[in-house]
$ cat start.pdb   # PDB, C-alpha atoms and all ligand atoms
ATOM      1  CA  MET A   1     -52.010 -51.283  11.395
ATOM      2  CA  ASP A   2     -52.134 -48.253   9.082
ATOM      3  CA  ARG A   3     -49.054 -47.459   7.054
ATOM      4  CA  PRO A   4     -46.856 -44.625   8.361
ATOM      5  CA  SER A   5     -47.288 -41.089   7.099
ATOM      6  CA  VAL A   6     -44.778 -40.371   4.338
ATOM      7  CA  THR A   7     -43.131 -37.018   3.609
ATOM      8  CA  ILE A   8     -40.714 -36.512   0.734
ATOM      9  CA  HIS A   9     -38.046 -33.986   1.729
ATOM     10  CA  ASN A  10     -35.755 -32.582  -0.958
ATOM     11  CA  THR A  11     -33.687 -29.568  -1.867
ATOM     12  CA  LEU A  12     -34.545 -28.561  -5.401
ATOM     13  CA  SER A  13     -33.052 -26.039  -7.834
ATOM     14  CA  VAL A  14     -35.404 -23.405  -9.189
ATOM     15  CA  ASP A  15     -35.517 -25.409 -12.439
ATOM     16  CA  GLY A  16     -36.653 -28.526 -10.612
ATOM     17  CA  ARG A  17     -33.519 -30.665 -10.307
ATOM     18  CA  LEU A  18     -32.098 -32.528  -7.323
ATOM     19  CA  THR A  19     -28.515 -32.516  -8.580
ATOM     20  CA  GLY A  20     -26.269 -30.233 -10.622
ATOM     21  CA  PHE A  21     -26.061 -27.421  -8.056
ATOM     22  CA  PRO A  22     -24.519 -27.016  -4.574
ATOM     23  CA  VAL A  23     -27.030 -28.357  -2.033
ATOM     24  CA  ASP A  24     -26.732 -26.689   1.386
ATOM     25  CA  LEU A  25     -26.680 -29.964   3.331
ATOM     26  CA  GLY A  26     -26.618 -28.183   6.702
ATOM     27  CA  LEU A  27     -29.845 -26.397   5.850
ATOM     28  CA  HIS A  28     -31.329 -29.520   4.220
ATOM     29  CA  TYR A  29     -30.964 -31.598   7.390
ATOM     30  CA  GLU A  30     -31.701 -28.733   9.783
ATOM     31  CA  VAL A  31     -35.106 -28.428   8.127
ATOM     32  CA  ALA A  32     -35.556 -32.210   7.811
ATOM     33  CA  ASP A  33     -34.872 -32.722  11.504
ATOM     34  CA  SER A  34     -37.275 -29.981  12.548
ATOM     35  CA  SER A  35     -40.209 -32.371  12.251
ATOM     36  CA  HIS A  36     -40.497 -35.726  13.988
ATOM     37  CA  HIS A  37     -39.957 -38.913  11.998
ATOM     38  CA  ASP A  38     -39.319 -42.485  13.111
ATOM     39  CA  ALA A  39     -37.452 -43.471   9.953
ATOM     40  CA  ALA A  40     -35.498 -41.866   7.136
ATOM     41  CA  LEU A  41     -36.222 -43.837   3.968
ATOM     42  CA  THR A  42     -33.542 -43.692   1.315
ATOM     43  CA  GLY A  43     -32.589 -45.260  -2.004
ATOM     44  CA  SER A  44     -29.514 -47.326  -2.709
ATOM     45  CA  ALA A  45     -28.335 -44.875  -5.393
ATOM     46  CA  THR A  46     -28.649 -41.911  -3.026
ATOM     47  CA  LEU A  47     -26.580 -43.630  -0.353
ATOM     48  CA  LEU A  48     -23.913 -44.781  -2.788
ATOM     49  CA  ALA A  49     -23.623 -41.215  -4.135
ATOM     50  CA  ALA A  50     -23.490 -39.673  -0.648
ATOM     51  CA  ALA A  51     -20.793 -42.096   0.505
ATOM     52  CA  ARG A  52     -18.822 -41.703  -2.734
ATOM     53  CA  ALA A  53     -18.774 -37.924  -2.196
ATOM     54  CA  GLN A  54     -16.943 -38.631   1.064
ATOM     55  CA  GLY A  55     -14.566 -41.122  -0.495
ATOM     56  CA  ILE A  56     -16.387 -44.130   1.005
ATOM     57  CA  ASP A  57     -17.176 -47.257  -1.037
ATOM     58  CA  LEU A  58     -20.251 -49.103   0.261
ATOM     59  CA  ALA A  59     -19.671 -52.165  -1.948
ATOM     60  CA  GLY A  60     -17.738 -55.166  -0.672
ATOM     61  CA  ASP A  61     -17.824 -56.754   2.735
ATOM     62  CA  ASP A  62     -17.309 -55.443   6.257
ATOM     63  CA  PRO A  63     -14.968 -57.330   8.546
ATOM     64  CA  ASP A  64     -16.746 -59.237  11.322
ATOM     65  CA  GLN A  65     -16.821 -57.043  14.395
ATOM     66  CA  PRO A  66     -18.891 -56.845  17.573
ATOM     67  CA  VAL A  67     -22.126 -54.867  17.229
ATOM     68  CA  PRO A  68     -22.863 -52.495  20.113
ATOM     69  CA  PRO A  69     -26.099 -53.371  21.950
ATOM     70  CA  PRO A  70     -29.134 -51.234  21.018
ATOM     71  CA  VAL A  71     -29.731 -48.139  23.146
ATOM     72  CA  PRO A  72     -32.991 -48.660  25.089
ATOM     73  CA  ASP A  73     -35.744 -46.260  23.943
ATOM     74  CA  ASP A  74     -33.381 -44.684  21.422
ATOM     75  CA  PRO A  75     -35.220 -41.573  20.123
ATOM     76  CA  ARG A  76     -33.243 -41.429  16.877
ATOM     77  CA  PRO A  77     -34.900 -42.533  13.625
ATOM     78  CA  TRP A  78     -34.049 -45.715  11.734
ATOM     79  CA  LEU A  79     -32.144 -45.373   8.470
ATOM     80  CA  VAL A  80     -34.231 -47.550   6.132
ATOM     81  CA  ILE A  81     -32.549 -48.454   2.823
ATOM     82  CA  VAL A  82     -34.447 -49.764  -0.226
ATOM     83  CA  ASP A  83     -31.921 -52.210  -1.647
ATOM     84  CA  SER A  84     -33.349 -55.308  -3.337
ATOM     85  CA  ARG A  85     -30.205 -55.731  -5.419
ATOM     86  CA  ALA A  86     -27.716 -55.722  -2.531
ATOM     87  CA  ARG A  87     -25.882 -52.689  -3.847
ATOM     88  CA  VAL A  88     -25.117 -51.390  -0.357
ATOM     89  CA  SER A  89     -23.241 -54.292   1.150
ATOM     90  CA  ARG A  90     -20.884 -52.516   3.566
ATOM     91  CA  LEU A  91     -23.028 -51.072   6.319
ATOM     92  CA  ALA A  92     -20.555 -50.540   9.190
ATOM     93  CA  TRP A  93     -19.757 -46.964   8.156
ATOM     94  CA  LEU A  94     -23.451 -46.050   7.965
ATOM     95  CA  ARG A  95     -24.158 -47.748  11.298
ATOM     96  CA  GLY A  96     -21.389 -45.703  12.885
ATOM     97  CA  GLN A  97     -23.027 -42.362  11.961
ATOM     98  CA  PRO A  98     -24.658 -40.569  14.889
ATOM     99  CA  PHE A  99     -27.885 -39.609  13.087
ATOM    100  CA  TRP A 100     -29.690 -42.951  13.220
ATOM    101  CA  ARG A 101     -30.453 -45.556  15.852
ATOM    102  CA  ASP A 102     -29.440 -48.224  13.311
ATOM    103  CA  VAL A 103     -29.816 -49.354   9.727
ATOM    104  CA  LEU A 104     -32.730 -51.447   8.453
ATOM    105  CA  VAL A 105     -32.634 -52.855   4.907
ATOM    106  CA  LEU A 106     -35.667 -53.470   2.675
ATOM    107  CA  CYS A 107     -35.133 -56.503   0.439
ATOM    108  CA  SER A 108     -37.283 -58.525  -1.950
ATOM    109  CA  GLN A 109     -37.491 -62.159  -2.973
ATOM    110  CA  THR A 110     -34.839 -61.513  -5.649
ATOM    111  CA  THR A 111     -32.273 -60.245  -3.149
ATOM    112  CA  PRO A 112     -29.324 -62.662  -3.251
ATOM    113  CA  ALA A 113     -29.471 -65.173  -0.381
ATOM    114  CA  GLN A 114     -25.789 -64.484   0.245
ATOM    115  CA  HIS A 115     -26.672 -60.877   1.092
ATOM    116  CA  LEU A 116     -29.373 -61.925   3.551
ATOM    117  CA  THR A 117     -26.805 -64.221   5.188
ATOM    118  CA  ARG A 118     -24.402 -61.285   5.389
ATOM    119  CA  LEU A 119     -27.061 -59.076   7.024
ATOM    120  CA  ARG A 120     -27.829 -61.774   9.596
ATOM    121  CA  ARG A 121     -24.123 -62.284  10.295
ATOM    122  CA  HIS A 122     -23.725 -58.580  11.045
ATOM    123  CA  HIS A 123     -27.008 -58.450  13.009
ATOM    124  CA  VAL A 124     -28.516 -55.926  10.578
ATOM    125  CA  GLU A 125     -32.328 -55.757  10.669
ATOM    126  CA  TYR A 126     -34.041 -56.429   7.333
ATOM    127  CA  LEU A 127     -37.487 -57.027   5.882
ATOM    128  CA  VAL A 128     -38.371 -58.979   2.737
ATOM    129  CA  ALA A 129     -41.319 -57.486   0.843
ATOM    130  CA  GLY A 130     -42.075 -57.901  -2.856
ATOM    131  CA  ALA A 131     -41.332 -60.428  -5.572
ATOM    132  CA  ASP A 132     -38.900 -58.387  -7.699
ATOM    133  CA  ARG A 133     -38.316 -54.847  -6.438
ATOM    134  CA  VAL A 134     -39.331 -53.926  -2.905
ATOM    135  CA  ASP A 135     -43.118 -53.727  -2.493
ATOM    136  CA  LEU A 136     -43.082 -50.293  -0.911
ATOM    137  CA  ALA A 137     -46.652 -50.414   0.436
ATOM    138  CA  ALA A 138     -46.101 -53.784   2.090
ATOM    139  CA  ALA A 139     -42.751 -52.650   3.481
ATOM    140  CA  LEU A 140     -44.291 -49.527   5.027
ATOM    141  CA  HIS A 141     -46.985 -51.632   6.709
ATOM    142  CA  LEU A 142     -44.319 -53.979   8.072
ATOM    143  CA  LEU A 143     -42.343 -51.024   9.399
ATOM    144  CA  ALA A 144     -45.416 -49.830  11.269
ATOM    145  CA  ASP A 145     -46.324 -53.297  12.575
ATOM    146  CA  ARG A 146     -42.914 -54.542  13.604
ATOM    147  CA  TYR A 147     -40.904 -51.412  14.339
ATOM    148  CA  ARG A 148     -43.585 -48.935  15.416
ATOM    149  CA  VAL A 149     -42.616 -46.548  12.606
ATOM    150  CA  HIS A 150     -45.452 -44.049  12.262
ATOM    151  CA  ALA A 151     -43.789 -41.186  10.381
ATOM    152  CA  VAL A 152     -41.330 -41.599   7.511
ATOM    153  CA  ARG A 153     -39.191 -38.930   5.909
ATOM    154  CA  VAL A 154     -38.037 -39.841   2.425
ATOM    155  CA  ASP A 155     -34.486 -38.721   1.642
ATOM    156  CA  ALA A 156     -34.055 -40.023  -1.887
ATOM    157  CA  GLY A 157     -33.707 -39.143  -5.535
ATOM    158  CA  GLY A 158     -36.313 -39.017  -8.268
ATOM    159  CA  THR A 159     -36.427 -42.779  -8.773
ATOM    160  CA  LEU A 160     -37.571 -43.770  -5.304
ATOM    161  CA  ASN A 161     -39.674 -40.601  -5.034
ATOM    162  CA  GLY A 162     -41.407 -41.564  -8.295
ATOM    163  CA  ALA A 163     -42.023 -45.172  -7.227
ATOM    164  CA  LEU A 164     -43.569 -44.005  -3.940
ATOM    165  CA  MET A 165     -45.671 -41.405  -5.711
ATOM    166  CA  ARG A 166     -46.985 -43.853  -8.323
ATOM    167  CA  ALA A 167     -47.900 -46.284  -5.529
ATOM    168  CA  GLY A 168     -49.972 -43.526  -3.868
ATOM    169  CA  LEU A 169     -47.827 -43.652  -0.732
ATOM    170  CA  VAL A 170     -46.879 -39.981  -0.342
ATOM    171  CA  ASP A 171     -48.773 -37.689   2.033
ATOM    172  CA  GLU A 172     -46.661 -34.541   1.980
ATOM    173  CA  LEU A 173     -43.883 -32.824   0.059
ATOM    174  CA  SER A 174     -41.331 -30.750   1.951
ATOM    175  CA  ILE A 175     -39.335 -28.895  -0.681
ATOM    176  CA  ILE A 176     -36.506 -26.450  -0.131
ATOM    177  CA  ILE A 177     -36.072 -24.320  -3.243
ATOM    178  CA  ALA A 178     -32.415 -23.370  -3.574
ATOM    179  CA  PRO A 179     -31.464 -20.173  -5.398
ATOM    180  CA  HIS A 180     -29.713 -22.021  -8.225
ATOM    181  CA  LEU A 181     -30.353 -23.223 -11.751
ATOM    182  CA  ALA A 182     -29.004 -26.689 -12.459
ATOM    183  CA  GLY A 183     -29.195 -26.201 -16.206
ATOM    184  CA  ALA A 184     -30.175 -28.531 -18.990
ATOM    185  CA  ASP A 185     -27.603 -31.284 -18.355
ATOM    186  CA  ALA A 186     -29.466 -34.534 -19.035
ATOM    187  CA  ALA A 187     -27.544 -36.215 -16.217
ATOM    188  CA  THR A 188     -29.233 -34.139 -13.541
ATOM    189  CA  VAL A 189     -31.904 -35.867 -11.452
ATOM    190  CA  PRO A 190     -35.488 -34.531 -11.398
ATOM    191  CA  LEU A 191     -37.812 -34.629  -8.387
ATOM    192  CA  LEU A 192     -39.740 -37.553  -9.907
ATOM    193  CA  THR A 193     -38.592 -40.051 -12.513
ATOM    194  CA  GLY A 194     -39.943 -43.284 -13.910
ATOM    195  CA  PRO A 195     -42.847 -44.469 -15.980
ATOM    196  CA  GLY A 196     -46.449 -43.428 -15.706
ATOM    197  CA  PRO A 197     -48.209 -40.251 -14.681
ATOM    198  CA  ASP A 198     -47.009 -38.502 -11.556
ATOM    199  CA  ARG A 199     -49.689 -35.812 -11.592
ATOM    200  CA  ALA A 200     -51.305 -35.136  -8.264
ATOM    201  CA  ARG A 201     -53.325 -32.402  -6.656
ATOM    202  CA  LEU A 202     -51.442 -30.426  -4.021
ATOM    203  CA  THR A 203     -52.538 -28.101  -1.260
ATOM    204  CA  LEU A 204     -49.986 -25.576  -0.083
ATOM    205  CA  LEU A 205     -49.558 -25.820   3.699
ATOM    206  CA  ALA A 206     -46.800 -23.292   4.356
ATOM    207  CA  VAL A 207     -44.053 -21.177   2.839
ATOM    208  CA  ASP A 208     -41.019 -20.146   4.870
ATOM    209  CA  HIS A 209     -38.143 -17.896   3.889
ATOM    210  CA  LEU A 210     -34.922 -19.569   4.990
ATOM    211  CA  ARG A 211     -31.380 -18.209   5.021
ATOM    212  CA  ASP A 212     -29.391 -17.292   1.919
ATOM    213  CA  GLY A 213     -32.355 -17.027  -0.440
ATOM    214  CA  HIS A 214     -33.838 -20.477   0.159
ATOM    215  CA  LEU A 215     -37.594 -21.061   0.338
ATOM    216  CA  TRP A 216     -39.237 -23.961   2.168
ATOM    217  CA  LEU A 217     -42.545 -25.105   0.665
ATOM    218  CA  ARG A 218     -44.782 -27.716   2.221
ATOM    219  CA  TYR A 219     -47.594 -29.343   0.300
ATOM    220  CA  ARG A 220     -50.170 -31.976   1.180
ATOM    221  CA  LEU A 221     -51.197 -34.394  -1.547
ATOM    222  CA  GLN A 222     -54.887 -34.673  -2.197
ATOM    223  CA  PRO A 223     -56.250 -38.171  -2.703
ATOM    224  CA  GLY A 224     -57.230 -39.057  -6.256
ATOM    225  CA  PRO A 225     -55.766 -38.129  -9.638
ATOM    226  CA  SER A 226     -55.403 -34.621 -10.988
ATOM    227  CA  PRO A 227     -58.249 -33.480 -13.168
ATOM    228  CA  ASP A 228     -57.624 -33.963 -16.884
ATOM    229  CA  GLY A 229     -55.847 -31.052 -18.475
ATOM    230  CA  ALA A 230     -52.399 -30.969 -16.931
ATOM    231  CA  ASP A 231     -52.032 -27.278 -17.746
ATOM    232  CA  THR A 232     -54.965 -26.300 -15.554
ATOM    233  CA  PRO A 233     -53.795 -25.377 -12.042
ATOM    234  CA  ALA A 234     -55.308 -27.713  -9.453
ATOM    235  CA  PRO A 235     -57.998 -25.900  -7.433
ATOM    236  CA  GLY A 236     -56.282 -26.714  -4.140
ATOM    237  CA  CYS A 237     -53.004 -25.207  -5.270
ATOM    238  CA  ALA A 238     -53.365 -21.663  -3.932
ATOM    239  CA  TYR A 239     -51.824 -19.624  -1.161
ATOM    240  CA  PRO A 240     -53.717 -19.968   2.115
ATOM    241  CA  ALA A 241     -55.819 -16.948   3.052
ATOM    242  CA  ALA A 242     -53.299 -15.907   5.710
ATOM    243  CA  GLY A 243     -50.564 -15.745   3.049
ATOM    244  CA  PRO A 244     -47.096 -17.261   3.244
ATOM    245  CA  THR A 245     -45.318 -17.220   6.562
ATOM    246  CA  GLY A 246     -41.967 -15.507   6.767
ATOM    247  CA  ARG A 247     -38.865 -16.671   8.604
ATOM    248  CA  THR A 248     -35.465 -15.308   7.749
TER     249      THR A 248
HETATM  250  N1  LIG A 301     -31.231 -32.645  -3.601
HETATM  251  C1  LIG A 301     -31.757 -33.546  -2.787
HETATM  252  O1  LIG A 301     -32.571 -33.246  -1.904
HETATM  253  C2  LIG A 301     -31.379 -35.001  -2.961
HETATM  254  C3  LIG A 301     -31.838 -35.925  -2.001
HETATM  255  C4  LIG A 301     -31.528 -37.266  -2.191
HETATM  256  C5  LIG A 301     -30.777 -37.666  -3.300
HETATM  257  N2  LIG A 301     -30.338 -36.747  -4.173
HETATM  258  C6  LIG A 301     -29.529 -37.157  -5.339
HETATM  259  O2  LIG A 301     -30.307 -38.024  -6.155
HETATM  260  C7  LIG A 301     -29.431 -38.923  -6.815
HETATM  261  C8  LIG A 301     -29.977 -40.337  -6.712
HETATM  262  O3  LIG A 301     -31.270 -40.378  -7.234
HETATM  263  P1  LIG A 301     -31.812 -41.606  -8.071
HETATM  264  O4  LIG A 301     -33.150 -41.246  -8.571
HETATM  265  O5  LIG A 301     -30.758 -42.027  -9.031
HETATM  266  O6  LIG A 301     -31.861 -42.787  -7.024
HETATM  267  P2  LIG A 301     -32.689 -43.130  -5.675
HETATM  268  O7  LIG A 301     -34.072 -42.674  -5.804
HETATM  269  O8  LIG A 301     -31.940 -42.725  -4.507
HETATM  270  O9  LIG A 301     -32.502 -44.734  -5.727
HETATM  271  C9  LIG A 301     -33.221 -45.583  -6.480
HETATM  272  C10 LIG A 301     -34.011 -46.390  -5.464
HETATM  273  O10 LIG A 301     -35.313 -46.598  -5.929
HETATM  274  C11 LIG A 301     -35.639 -47.948  -5.733
HETATM  275  N3  LIG A 301     -36.619 -48.310  -6.736
HETATM  276  C12 LIG A 301     -36.574 -48.053  -8.059
HETATM  277  N4  LIG A 301     -37.688 -48.507  -8.661
HETATM  278  C13 LIG A 301     -38.444 -49.084  -7.702
HETATM  279  C14 LIG A 301     -39.700 -49.742  -7.696
HETATM  280  N5  LIG A 301     -40.411 -49.890  -8.823
HETATM  281  N6  LIG A 301     -40.177 -50.195  -6.543
HETATM  282  C15 LIG A 301     -39.469 -50.055  -5.408
HETATM  283  N7  LIG A 301     -38.260 -49.425  -5.336
HETATM  284  C16 LIG A 301     -37.763 -48.953  -6.476
HETATM  285  C17 LIG A 301     -34.305 -48.695  -5.904
HETATM  286  O11 LIG A 301     -34.399 -49.929  -5.260
HETATM  287  P3  LIG A 301     -33.403 -51.146  -5.549
HETATM  288  O12 LIG A 301     -32.064 -50.738  -5.023
HETATM  289  O13 LIG A 301     -34.059 -52.232  -4.784
HETATM  290  O14 LIG A 301     -33.395 -51.360  -7.033
HETATM  291  C18 LIG A 301     -33.365 -47.731  -5.199
HETATM  292  O15 LIG A 301     -33.329 -47.964  -3.816
HETATM  293  C19 LIG A 301     -28.056 -38.783  -6.188
HETATM  294  O16 LIG A 301     -27.217 -38.080  -7.065
HETATM  295  C20 LIG A 301     -28.323 -37.965  -4.950
HETATM  296  O17 LIG A 301     -27.237 -37.141  -4.621
HETATM  297  C21 LIG A 301     -30.612 -35.415  -4.031
END
$ encode --input "start.pdb" --output "structure tokens"
Amino acid sequence: MDRPSVTIHNTLSVDGRLTGFPVDLGLHYEVADSSHHDAALTGSATLLAAARAQGIDLAGDDPDQPVPPPVPDDPRPWLVIVDSRARVSRLAWLRGQPFWRDVLVLCSQTTPAQHLTRLRRHHVEYLVAGADRVDLAAALHLLADRYRVHAVRVDAGGTLNGALMRAGLVDELSIIIAPHLAGADAATVPLLTGPGPDRARLTLLAVDHLRDGHLWLRYRLQPGPSPDGADTPAPGCAYPAAGPTGRT
């Protein structure tokens, strides 16, 4: 089976950072949920940061407790967590959130056996793909084959975004530009991090004006590398003839 389509969805400051400014989470998820996806793919660091912001520690162990039976034909997406190093070991809080049908963890052959035992004990779905870190391409194929996941929305930071991009696994970017500058603090997270070139050709699909000065940009990635000369705008990167759409 083909891999699912993959869309990276982020809220970005005007100077291209994912952190270091107040993200309008209501708007972020309102926009994210406006298009269908079968799974939200996230990184361990993103989840730990999100939980920490709410005073929740996702390390440690959950007490044994009964797991509610799955809802038949549940229309909600899976929350899929890339976590080869077992950093997110307490999953009960995440499983109790109303946004997802359940949690599914992506592991690798280096994931501690004790963690896999823990996941089985708590009846958490998981897949093992990859020798060291998670083999993202293989994991996406398994998600399609075994869980009928055909559309994935990535809700992650620059590290997972970069790994997906370098593996050629991203089809679209859905970027909300927030009317903020994050500044030059080295601790802020860019859209893409990691080794190797991230250049890609993009075609602009739509521009929407959202509330409070936010812009929503959608781009499709063109197959193949960018032409040499990173300063030359890619030919596909132009406003469509009809011009940007407006929605305020
Ligand atoms: N503004 C926004 O829209 C937005 C959205 C999401 C997150 N954020 C922010 O971004 C920050 C977190 O970003 P981050 O870049 O530090 O972390 P991240 O992208 O969330 O997490 C790193 C993830 O990448 C995986 N990974 C790294 N290298 C890999 C490889 N070669 N192959 C496969 N998987 C790989 C890691 O897997 P392992 O665990 O297996 O090592 C981990 O799951 C947080 O502060 C969060 O608040 C902002």
$ residues_near_ligand --input "start.pdb" --ligand "ligand LIG 301 (chain A)" --cutoff "8 Å" --atoms "only C-alpha atoms and all ligand atoms" --output "MDAnalysis selection string"
chainID A and resid 9:12 17:19 23 28 42:47 49:50 81:87 106:108 133:136 155:164 188:190 192:194
$ closest_residue --input "start.pdb" --among "A:Arg211, A:Ala184, A:Pro68, A:Gln97" --to "A:Gly26" --atoms "only C-alpha atoms"
A:Arg211
$ closest_residue --input "start.pdb" --among "A:Val80, A:Ala167, A:Ile8, A:Leu140" --to "A:Tyr126" --atoms "only C-alpha atoms"
A:Val80
$ resolve_selection --input "start.pdb" --expression "the PyMOL selection byres (((chain A and resi 58) around 6) and not hetatm)" --output "compact mmCIF listing (two decimals) with C-alpha atoms, in the coordinates of the input"
# COMPACT_ATOMS: atom_id res chain seq x y z
CA ASP A 57 -17.18 -47.26 -1.04
CA ALA A 59 -19.67 -52.16 -1.95
CA VAL A 88 -25.12 -51.39 -0.36
CA ARG A 90 -20.88 -52.52 3.57
$ atom_distance --input "start.pdb" --atom1 "atom CA of A:Ala32" --atom2 "atom CA of A:Ala178"
14.8 Å
$ residues_around --input "start.pdb" --residues "A:Leu217" --least-positions-apart "6" --cutoff "6 Å" --atoms "all atoms listed in the file" --output "ChimeraX atom specification"
/A:174-175,206-207
$ atom_distance --input "start.pdb" --atom1 "atom CA of A:Pro112" --atom2 "atom CA of A:Arg146"
23.1 Å
$ resolve_selection --input "start.pdb" --expression "the PyMOL selection byres (((chain A and resi 62) around 10) and not hetatm)" --output "list of chain:residue names"
A:Leu58, A:Ala59, A:Gly60, A:Asp61, A:Pro63, A:Asp64, A:Gln65, A:Ser89, A:Arg90, A:Leu91, A:Ala92, A:Trp93, A:Arg118, A:His122
$ closest_residue --input "start.pdb" --among "A:Ala186, A:Leu79, A:Val128, A:Leu181" --to "A:Ala113" --atoms "only C-alpha atoms"
A:Val128
$ closest_residue --input "start.pdb" --among "A:Ala182, A:Ala39, A:Leu104, A:Leu25" --to "A:Val152" --atoms "all atoms listed in the file"
A:Ala39
$ atom_distance --input "start.pdb" --atom1 "atom CA of A:Leu221" --atom2 "atom CA of A:Arg166"
12.4 Å
$ closest_residue --input "start.pdb" --among "A:Gly130, A:Pro22, A:Pro4, A:Pro223" --to "A:Tyr147" --atoms "only C-alpha atoms"
A:Pro4
$ resolve_selection --input "start.pdb" --expression "the PyMOL selection byres (((chain A and resi 149) around 12) and not hetatm)" --output "PDB file with C-alpha atoms, keeping the file's coordinate frame"
ATOM      1  CA  MET A   1     -52.010 -51.283  11.395  1.00  0.00           C
ATOM      2  CA  ASP A   2     -52.134 -48.253   9.082  1.00  0.00           C
ATOM      3  CA  ARG A   3     -49.054 -47.459   7.054  1.00  0.00           C
ATOM      4  CA  PRO A   4     -46.856 -44.625   8.361  1.00  0.00           C
ATOM      5  CA  SER A   5     -47.288 -41.089   7.099  1.00  0.00           C
ATOM      6  CA  VAL A   6     -44.778 -40.371   4.338  1.00  0.00           C
ATOM      7  CA  HIS A  36     -40.497 -35.726  13.988  1.00  0.00           C
ATOM      8  CA  HIS A  37     -39.957 -38.913  11.998  1.00  0.00           C
ATOM      9  CA  ASP A  38     -39.319 -42.485  13.111  1.00  0.00           C
ATOM     10  CA  ALA A  39     -37.452 -43.471   9.953  1.00  0.00           C
ATOM     11  CA  ALA A  40     -35.498 -41.866   7.136  1.00  0.00           C
ATOM     12  CA  LEU A  41     -36.222 -43.837   3.968  1.00  0.00           C
ATOM     13  CA  PRO A  75     -35.220 -41.573  20.123  1.00  0.00           C
ATOM     14  CA  ARG A  76     -33.243 -41.429  16.877  1.00  0.00           C
ATOM     15  CA  PRO A  77     -34.900 -42.533  13.625  1.00  0.00           C
ATOM     16  CA  TRP A  78     -34.049 -45.715  11.734  1.00  0.00           C
ATOM     17  CA  LEU A  79     -32.144 -45.373   8.470  1.00  0.00           C
ATOM     18  CA  VAL A  80     -34.231 -47.550   6.132  1.00  0.00           C
ATOM     19  CA  LEU A 104     -32.730 -51.447   8.453  1.00  0.00           C
ATOM     20  CA  ALA A 139     -42.751 -52.650   3.481  1.00  0.00           C
ATOM     21  CA  LEU A 140     -44.291 -49.527   5.027  1.00  0.00           C
ATOM     22  CA  HIS A 141     -46.985 -51.632   6.709  1.00  0.00           C
ATOM     23  CA  LEU A 142     -44.319 -53.979   8.072  1.00  0.00           C
ATOM     24  CA  LEU A 143     -42.343 -51.024   9.399  1.00  0.00           C
ATOM     25  CA  ALA A 144     -45.416 -49.830  11.269  1.00  0.00           C
ATOM     26  CA  ASP A 145     -46.324 -53.297  12.575  1.00  0.00           C
ATOM     27  CA  ARG A 146     -42.914 -54.542  13.604  1.00  0.00           C
ATOM     28  CA  TYR A 147     -40.904 -51.412  14.339  1.00  0.00           C
ATOM     29  CA  ARG A 148     -43.585 -48.935  15.416  1.00  0.00           C
ATOM     30  CA  HIS A 150     -45.452 -44.049  12.262  1.00  0.00           C
ATOM     31  CA  ALA A 151     -43.789 -41.186  10.381  1.00  0.00           C
ATOM     32  CA  VAL A 152     -41.330 -41.599   7.511  1.00  0.00           C
ATOM     33  CA  ARG A 153     -39.191 -38.930   5.909  1.00  0.00           C
TER      34      ARG A 153
END
$ closest_residue --input "start.pdb" --among "A:Gly55, A:Pro195, A:Gly16, A:Pro98" --to "A:Ile176" --atoms "all atoms listed in the file"
A:Gly16
$ build_atoms --input "start.pdb" --residues "stretch 100-110 of chain A" --atoms "N, CA and C atoms" --output "compact mmCIF listing (two decimals), keeping the file's coordinate frame"
# COMPACT_ATOMS: atom_id res chain seq x y z
N TRP A 100 -28.67 -41.91 13.24
CA TRP A 100 -29.69 -42.95 13.22
C TRP A 100 -29.50 -43.93 14.36
N ARG A 101 -30.60 -44.53 14.81
CA ARG A 101 -30.45 -45.56 15.85
C ARG A 101 -29.78 -46.79 15.27
N ASP A 102 -30.11 -47.13 14.03
CA ASP A 102 -29.44 -48.22 13.31
C ASP A 102 -29.98 -48.26 11.88
N VAL A 103 -29.42 -49.18 11.12
CA VAL A 103 -29.82 -49.35 9.73
C VAL A 103 -30.80 -50.51 9.62
N LEU A 104 -31.79 -50.37 8.75
CA LEU A 104 -32.73 -51.45 8.45
C LEU A 104 -32.85 -51.53 6.93
N VAL A 105 -32.69 -52.72 6.37
CA VAL A 105 -32.63 -52.86 4.91
C VAL A 105 -33.93 -53.48 4.40
N LEU A 106 -34.48 -52.90 3.33
CA LEU A 106 -35.67 -53.47 2.68
C LEU A 106 -35.20 -54.29 1.47
N CYS A 107 -35.54 -55.57 1.49
CA CYS A 107 -35.13 -56.50 0.44
C CYS A 107 -36.39 -57.06 -0.22
N SER A 108 -36.16 -57.85 -1.29
CA SER A 108 -37.28 -58.52 -1.95
C SER A 108 -36.90 -60.00 -2.13
N GLN A 109 -37.79 -60.73 -2.79
CA GLN A 109 -37.49 -62.16 -2.97
C GLN A 109 -36.35 -62.39 -3.97
N THR A 110 -35.97 -61.35 -4.72
CA THR A 110 -34.84 -61.51 -5.65
C THR A 110 -33.50 -61.13 -5.00
